>>> print(open('data_6.pdb').read())   # PDB, C-alpha atoms
ATOM      1  CA  MET A   1       0.000   0.000   0.000
ATOM      2  CA  GLY A   2       1.106   3.564  -0.635
ATOM      3  CA  SER A   3       0.543   6.857   1.146
ATOM      4  CA  GLY A   4      -2.701   7.328  -0.778
ATOM      5  CA  ASP A   5      -4.062   4.130   0.771
ATOM      6  CA  ALA A   6      -3.031   5.372   4.209
ATOM      7  CA  THR A   7      -4.939   8.629   3.642
ATOM      8  CA  VAL A   8      -8.100   6.750   2.661
ATOM      9  CA  TYR A   9      -7.926   4.389   5.641
ATOM     10  CA  PHE A  10      -7.102   7.261   7.994
ATOM     11  CA  GLY A  11     -10.108   9.299   6.880
ATOM     12  CA  ARG A  12     -12.443   6.343   7.139
ATOM     13  CA  GLY A  13     -10.982   5.413  10.529
ATOM     14  CA  LEU A  14     -11.780   8.894  11.816
ATOM     15  CA  ALA A  15     -15.344   8.591  10.509
ATOM     16  CA  TYR A  16     -15.751   5.237  12.274
ATOM     17  CA  TRP A  17     -14.307   6.765  15.455
ATOM     18  CA  TRP A  18     -16.762   9.649  15.484
ATOM     19  CA  ASN A  19     -19.633   7.212  14.912
ATOM     20  CA  GLY A  20     -18.532   5.052  17.844
ATOM     21  CA  GLN A  21     -17.609   2.120  15.574
ATOM     22  CA  TYR A  22     -14.377   1.482  17.405
ATOM     23  CA  ASP A  23     -13.549  -2.007  16.129
ATOM     24  CA  SER A  24     -13.795  -0.768  12.543
ATOM     25  CA  ALA A  25     -11.751   2.310  13.419
ATOM     26  CA  ILE A  26      -9.002   0.129  14.891
ATOM     27  CA  ASP A  27      -8.969  -2.000  11.735
ATOM     28  CA  ASP A  28      -8.484   1.103   9.591
ATOM     29  CA  PHE A  29      -5.847   2.711  11.816
ATOM     30  CA  THR A  30      -4.003  -0.622  11.816
ATOM     31  CA  GLU A  31      -4.031  -0.470   8.006
ATOM     32  CA  VAL A  32      -2.636   3.068   8.224
ATOM     33  CA  ILE A  33       0.172   1.866  10.484
ATOM     34  CA  GLY A  34       0.917  -1.025   8.131
ATOM     35  CA  SER A  35       1.084   1.370   5.206
ATOM     36  CA  ASP A  36       3.160   4.028   6.952
ATOM     37  CA  PRO A  37       4.650   2.796  10.273
ATOM     38  CA  LYS A  38       6.413   6.130  10.810
ATOM     39  CA  LEU A  39       3.176   8.144  10.806
ATOM     40  CA  ALA A  40       2.697   9.171  14.435
ATOM     41  CA  ALA A  41      -0.949  10.100  13.828
ATOM     42  CA  GLY A  42      -1.825   6.503  12.954
ATOM     43  CA  TRP A  43      -0.483   5.209  16.270
ATOM     44  CA  TYR A  44      -1.991   8.126  18.198
ATOM     45  CA  HIS A  45      -5.492   7.654  16.818
ATOM     46  CA  ARG A  46      -5.405   3.896  17.303
ATOM     47  CA  GLY A  47      -4.349   4.592  20.888
ATOM     48  CA  LEU A  48      -7.322   6.929  21.301
ATOM     49  CA  THR A  49      -9.598   4.188  20.042
ATOM     50  CA  TYR A  50      -8.150   1.552  22.359
ATOM     51  CA  ALA A  51      -8.619   3.996  25.240
ATOM     52  CA  LYS A  52     -12.284   4.441  24.290
ATOM     53  CA  GLN A  53     -12.675   0.672  24.531
ATOM     54  CA  GLY A  54     -10.951   0.558  27.921
ATOM     55  CA  HIS A  55      -7.878  -1.272  26.574
ATOM     56  CA  LEU A  56      -5.527   1.000  28.485
ATOM     57  CA  HIS A  57      -2.301  -0.990  28.140
ATOM     58  CA  ARG A  58      -2.731  -1.149  24.364
ATOM     59  CA  ALA A  59      -3.533   2.561  24.307
ATOM     60  CA  ILE A  60      -0.424   3.390  26.329
ATOM     61  CA  ALA A  61       1.730   1.308  23.987
ATOM     62  CA  ASP A  62       0.361   3.147  20.943
ATOM     63  CA  PHE A  63       0.731   6.590  22.532
ATOM     64  CA  SER A  64       4.326   5.679  23.454
ATOM     65  CA  LYS A  65       5.044   4.719  19.854
ATOM     66  CA  ALA A  66       3.508   7.968  18.619
ATOM     67  CA  ILE A  67       5.692   9.930  21.044
ATOM     68  CA  SER A  68       8.814   8.067  19.927
ATOM     69  CA  LEU A  69       8.021   9.077  16.343
ATOM     70  CA  ASP A  70       7.050  12.658  17.192
ATOM     71  CA  PRO A  71       8.286  13.843  20.619
ATOM     72  CA  THR A  72       6.472  17.183  20.089
ATOM     73  CA  LEU A  73       3.011  15.560  19.930
ATOM     74  CA  ALA A  74       1.609  17.132  23.103
ATOM     75  CA  GLU A  75      -1.776  15.445  22.869
ATOM     76  CA  ALA A  76      -0.132  12.015  22.916
ATOM     77  CA  TYR A  77       1.476  12.837  26.285
ATOM     78  CA  THR A  78      -1.869  14.102  27.585
ATOM     79  CA  GLU A  79      -3.771  11.009  26.467
ATOM     80  CA  ARG A  80      -1.071   8.653  27.743
ATOM     81  CA  GLY A  81      -1.178  10.510  31.051
ATOM     82  CA  THR A  82      -4.943  10.064  31.188
ATOM     83  CA  ALA A  83      -4.574   6.337  30.549
ATOM     84  CA  HIS A  84      -1.917   6.048  33.264
ATOM     85  CA  GLN A  85      -4.204   7.917  35.657
ATOM     86  CA  GLU A  86      -7.089   5.547  34.930
ATOM     87  CA  ASN A  87      -4.675   2.707  35.731
ATOM     88  CA  GLY A  88      -3.862   4.340  39.060
ATOM     89  CA  GLU A  89      -0.321   5.148  37.906
ATOM     90  CA  PHE A  90      -0.375   8.723  39.150
ATOM     91  CA  ASP A  91       3.357   9.485  39.041
ATOM     92  CA  ARG A  92       3.536   8.407  35.408
ATOM     93  CA  ALA A  93       0.415  10.427  34.666
ATOM     94  CA  ILE A  94       1.924  13.527  36.288
ATOM     95  CA  ALA A  95       5.146  13.097  34.293
ATOM     96  CA  ASP A  96       3.171  12.935  31.053
ATOM     97  CA  PHE A  97       0.986  15.925  31.885
ATOM     98  CA  THR A  98       4.116  17.880  32.801
ATOM     99  CA  ALA A  99       5.627  17.019  29.404
ATOM    100  CA  ALA A 100       2.417  18.156  27.708
ATOM    101  CA  ILE A 101       2.506  21.443  29.620
ATOM    102  CA  ARG A 102       6.068  22.038  28.401
ATOM    103  CA  LEU A 103       4.679  21.622  24.882
ATOM    104  CA  ASN A 104       2.004  24.267  25.594
ATOM    105  CA  ASP A 105      -0.946  21.927  26.086
ATOM    106  CA  THR A 106      -2.748  24.126  28.610
ATOM    107  CA  LEU A 107      -5.490  21.538  29.209
ATOM    108  CA  ALA A 108      -2.842  19.414  30.905
ATOM    109  CA  TYR A 109      -2.879  21.707  33.961
ATOM    110  CA  TYR A 110      -6.418  20.567  34.722
ATOM    111  CA  ASN A 111      -5.506  16.926  34.140
ATOM    112  CA  ARG A 112      -2.367  17.160  36.259
ATOM    113  CA  GLY A 113      -4.427  18.789  38.989
ATOM    114  CA  ASN A 114      -6.728  15.764  38.952
ATOM    115  CA  ALA A 115      -3.748  13.422  39.248
ATOM    116  CA  TYR A 116      -2.287  15.386  42.156
ATOM    117  CA  ALA A 117      -5.698  15.391  43.853
ATOM    118  CA  ARG A 118      -6.008  11.632  43.515
ATOM    119  CA  LYS A 119      -2.521  11.280  45.026
ATOM    120  CA  GLY A 120      -3.608  13.444  47.945
ATOM    121  CA  GLU A 121      -1.175  16.253  47.053
ATOM    122  CA  LEU A 122      -3.886  18.872  47.418
ATOM    123  CA  ASP A 123      -1.751  22.016  47.450
ATOM    124  CA  LYS A 124      -0.251  21.025  44.100
ATOM    125  CA  ALA A 125      -3.711  20.167  42.787
ATOM    126  CA  ILE A 126      -5.030  23.586  43.803
ATOM    127  CA  ALA A 127      -2.064  25.301  42.132
ATOM    128  CA  ASP A 128      -2.758  23.460  38.870
ATOM    129  CA  TYR A 129      -6.505  24.119  38.979
ATOM    130  CA  SER A 130      -5.718  27.793  39.620
ATOM    131  CA  GLU A 131      -3.461  27.862  36.566
ATOM    132  CA  ALA A 132      -6.170  26.155  34.487
ATOM    133  CA  ILE A 133      -8.673  28.779  35.670
ATOM    134  CA  SER A 134      -6.313  31.644  34.829
ATOM    135  CA  LEU A 135      -6.010  30.245  31.294
ATOM    136  CA  ASN A 136      -9.742  29.574  30.960
ATOM    137  CA  PRO A 137     -11.773  31.555  33.525
ATOM    138  CA  ARG A 138     -15.021  30.049  32.234
ATOM    139  CA  ASP A 139     -14.075  26.459  33.063
ATOM    140  CA  ALA A 140     -16.762  25.545  35.605
ATOM    141  CA  GLY A 141     -15.271  22.074  36.088
ATOM    142  CA  ALA A 142     -11.947  23.509  37.259
ATOM    143  CA  TYR A 143     -13.735  25.590  39.893
ATOM    144  CA  VAL A 144     -15.645  22.531  41.110
ATOM    145  CA  ASN A 145     -12.510  20.404  41.354
ATOM    146  CA  ARG A 146     -10.579  23.152  43.110
ATOM    147  CA  GLY A 147     -13.515  23.494  45.494
ATOM    148  CA  ILE A 148     -13.354  19.779  46.237
ATOM    149  CA  ALA A 149      -9.640  20.125  47.027
ATOM    150  CA  TYR A 150     -10.360  23.043  49.357
ATOM    151  CA  ASP A 151     -13.103  20.948  51.009
ATOM    152  CA  SER A 152     -10.592  18.181  51.637
ATOM    153  CA  LEU A 153      -8.343  20.708  53.384
ATOM    154  CA  GLY A 154     -11.219  22.005  55.506
ATOM    155  CA  GLU A 155     -11.164  25.399  53.775
ATOM    156  CA  TRP A 156     -14.950  25.655  53.522
ATOM    157  CA  ASP A 157     -15.178  29.346  52.588
ATOM    158  CA  ASN A 158     -12.716  28.941  49.700
ATOM    159  CA  ALA A 159     -14.612  25.858  48.564
ATOM    160  CA  ILE A 160     -17.963  27.671  48.672
ATOM    161  CA  ALA A 161     -16.517  30.583  46.690
ATOM    162  CA  ASP A 162     -15.400  28.161  43.967
ATOM    163  CA  TYR A 163     -18.752  26.367  43.870
ATOM    164  CA  ASP A 164     -20.495  29.760  43.676
ATOM    165  CA  GLU A 165     -18.442  30.638  40.604
ATOM    166  CA  ALA A 166     -19.002  27.231  38.988
ATOM    167  CA  ILE A 167     -22.757  27.603  39.473
ATOM    168  CA  ARG A 168     -22.677  31.156  38.116
ATOM    169  CA  LEU A 169     -20.900  29.933  34.996
ATOM    170  CA  ASP A 170     -23.136  26.872  34.656
ATOM    171  CA  PRO A 171     -26.436  26.983  36.564
ATOM    172  CA  THR A 172     -27.007  23.318  35.671
ATOM    173  CA  GLN A 173     -23.808  22.350  37.526
ATOM    174  CA  ALA A 174     -25.417  19.776  39.824
ATOM    175  CA  LEU A 175     -22.100  18.649  41.325
ATOM    176  CA  GLY A 176     -21.397  22.246  42.274
ATOM    177  CA  TYR A 177     -24.656  22.461  44.211
ATOM    178  CA  TYR A 178     -24.110  19.097  45.901
ATOM    179  CA  ASN A 179     -20.564  19.851  46.997
ATOM    180  CA  ARG A 180     -21.500  23.340  48.121
ATOM    181  CA  GLY A 181     -24.142  21.661  50.261
ATOM    182  CA  ILE A 182     -21.420  19.559  51.862
ATOM    183  CA  SER A 183     -19.366  22.673  52.584
ATOM    184  CA  TYR A 184     -22.358  24.425  54.139
ATOM    185  CA  ALA A 185     -23.078  21.331  56.244
ATOM    186  CA  ASN A 186     -19.476  21.275  57.420
ATOM    187  CA  LYS A 187     -19.852  24.933  58.410
ATOM    188  CA  GLY A 188     -23.019  24.099  60.329
ATOM    189  CA  ASP A 189     -25.420  25.921  57.981
ATOM    190  CA  GLN A 190     -27.935  23.110  57.592
ATOM    191  CA  ALA A 191     -30.616  25.200  55.869
ATOM    192  CA  LYS A 192     -28.316  26.198  53.002
ATOM    193  CA  ALA A 193     -26.947  22.661  52.823
ATOM    194  CA  GLU A 194     -30.409  21.156  52.443
ATOM    195  CA  ALA A 195     -31.354  23.734  49.806
ATOM    196  CA  ASP A 196     -28.259  22.843  47.767
ATOM    197  CA  PHE A 197     -28.822  19.099  48.121
ATOM    198  CA  ALA A 198     -32.405  19.582  46.920
ATOM    199  CA  LYS A 199     -31.229  21.609  43.911
ATOM    200  CA  ALA A 200     -28.625  18.985  43.031
ATOM    201  CA  LYS A 201     -31.314  16.293  43.151
ATOM    202  CA  GLU A 202     -33.621  18.431  41.007
ATOM    203  CA  LEU A 203     -30.828  18.607  38.431
ATOM    204  CA  GLY A 204     -30.507  14.815  38.454
ATOM    205  CA  TYR A 205     -27.455  14.336  40.665
ATOM    206  CA  GLU A 206     -27.429  11.218  42.834
ATOM    207  CA  PRO A 207     -24.455  10.806  45.198
ATOM    208  CA  LYS A 208     -22.451   7.631  44.643
TER     209      LYS A 208
END
>>> encode(input="data_6.pdb", output="structure tokens")
Amino acid sequence: MGSGDATVYFGRGLAYWWNGQYDSAIDDFTEVIGSDPKLAAGWYHRGLTYAKQGHLHRAIADFSKAISLDPTLAEAYTERGTAHQENGEFDRAIADFTAAIRLNDTLAYYNRGNAYARKGELDKAIADYSEAISLNPRDAGAYVNRGIAYDSLGEWDNAIADYDEAIRLDPTQALGYYNRGISYANKGDQAKAEADFAKAKELGYEPK
């Protein structure tokens, strides 16, 4: 097969991916790799597809190959970091997100914050969420996650301020209401806590 074949398979693989036909997408990206083994995008997109299927070790292997072919491919570091995080490999995830940040992938601050939070390194998580917010002040999810980190540190007022902002940005932010309710309860304001829990339930949130 030549490069023209790779282009056809790559385009069709993307179409399958967007339609959720992951087995077919993998078949086509595998054809791309067979046609042009040095094309980092073929490995990267097959890795994305494996990740969608939950085959994290295969995804990590493909992202690693893509990175070896193109060390400047920031999104491959980010996606490999996400796969490591889902595997509970937080140090590896943090290393990958840090590499992505060096390559100007600003989304990686949010992801690295999540990894630090799951490791229990809350001050570092807060610093990364704060950086993510400075880069995208309308990111309601970053405010919620920073609020959760503040909650874990017992900083209820800071947490409530973050949930307030998340709710202002996205009034359907059920998790923001629920977690703000927890903060109010921890402060002893049961009336506000119950109001927030009721709003979260109205929006469809059920605590796990």
>>> axis_aligned_box(input="data_6.pdb", around="stretch 25-30 of chain A", padding_each_side="4 Å", output="JSON")
{"center_x": -7.9, "center_y": 0.4, "center_z": 12.2, "size_x": 15.7, "size_y": 12.7, "size_z": 13.3}
>>> closest_residue(input="data_6.pdb", among="A:Pro137, A:Gly188, A:Gly13, A:Pro171", to="A:Trp156", atoms="all atoms listed in the file")
A:Gly188
>>> closest_residue(input="data_6.pdb", among="A:Asp105, A:Asp164, A:Asp5, A:Asp157", to="A:Leu135", atoms="all atoms listed in the file")
A:Asp105
>>> atom_distance(input="data_6.pdb", atom1="atom CA of A:Tyr163", atom2="atom CA of A:Val144")
5.7 Å
>>> closest_atom_pairs(input="data_6.pdb", of="stretch 132-176 of chain A", to="stretch 200-206 of chain A", cutoff="10 Å", atoms="all atoms listed in the file", output="tab-separated table")
residue	atom	partner	partner_atom	distance
A:Pro171	CA	A:Leu203	CA	9.6
A:Thr172	CA	A:Leu203	CA	6.7
A:Gln173	CA	A:Leu203	CA	8.0
A:Ala174	CA	A:Ala200	CA	4.6
A:Leu175	CA	A:Ala200	CA	6.8
A:Gly176	CA	A:Ala200	CA	8.0
>>> resolve_selection(input="data_6.pdb", expression="the PyMOL selection byres ((chain A and resi 83-88) around 10)", output="PyMOL selection string")
chain A and resi 47-48+51+54-60+63+77-82+89-94+96+111-112+114-115+118-119
>>> closest_residue(input="data_6.pdb", among="A:His45, A:Lys187, A:Arg138, A:Lys192", to="A:Ile167", atoms="only C-alpha atoms")
A:Arg138
>>> closest_residue(input="data_6.pdb", among="A:Gln190, A:Ser152, A:Thr106, A:Asn145", to="A:Glu165", atoms="all atoms listed in the file")
A:Asn145
>>> closest_residue(input="data_6.pdb", among="A:Thr7, A:Asn158, A:Asn19, A:Asn104", to="A:Glu31", atoms="all atoms listed in the file")
A:Thr7
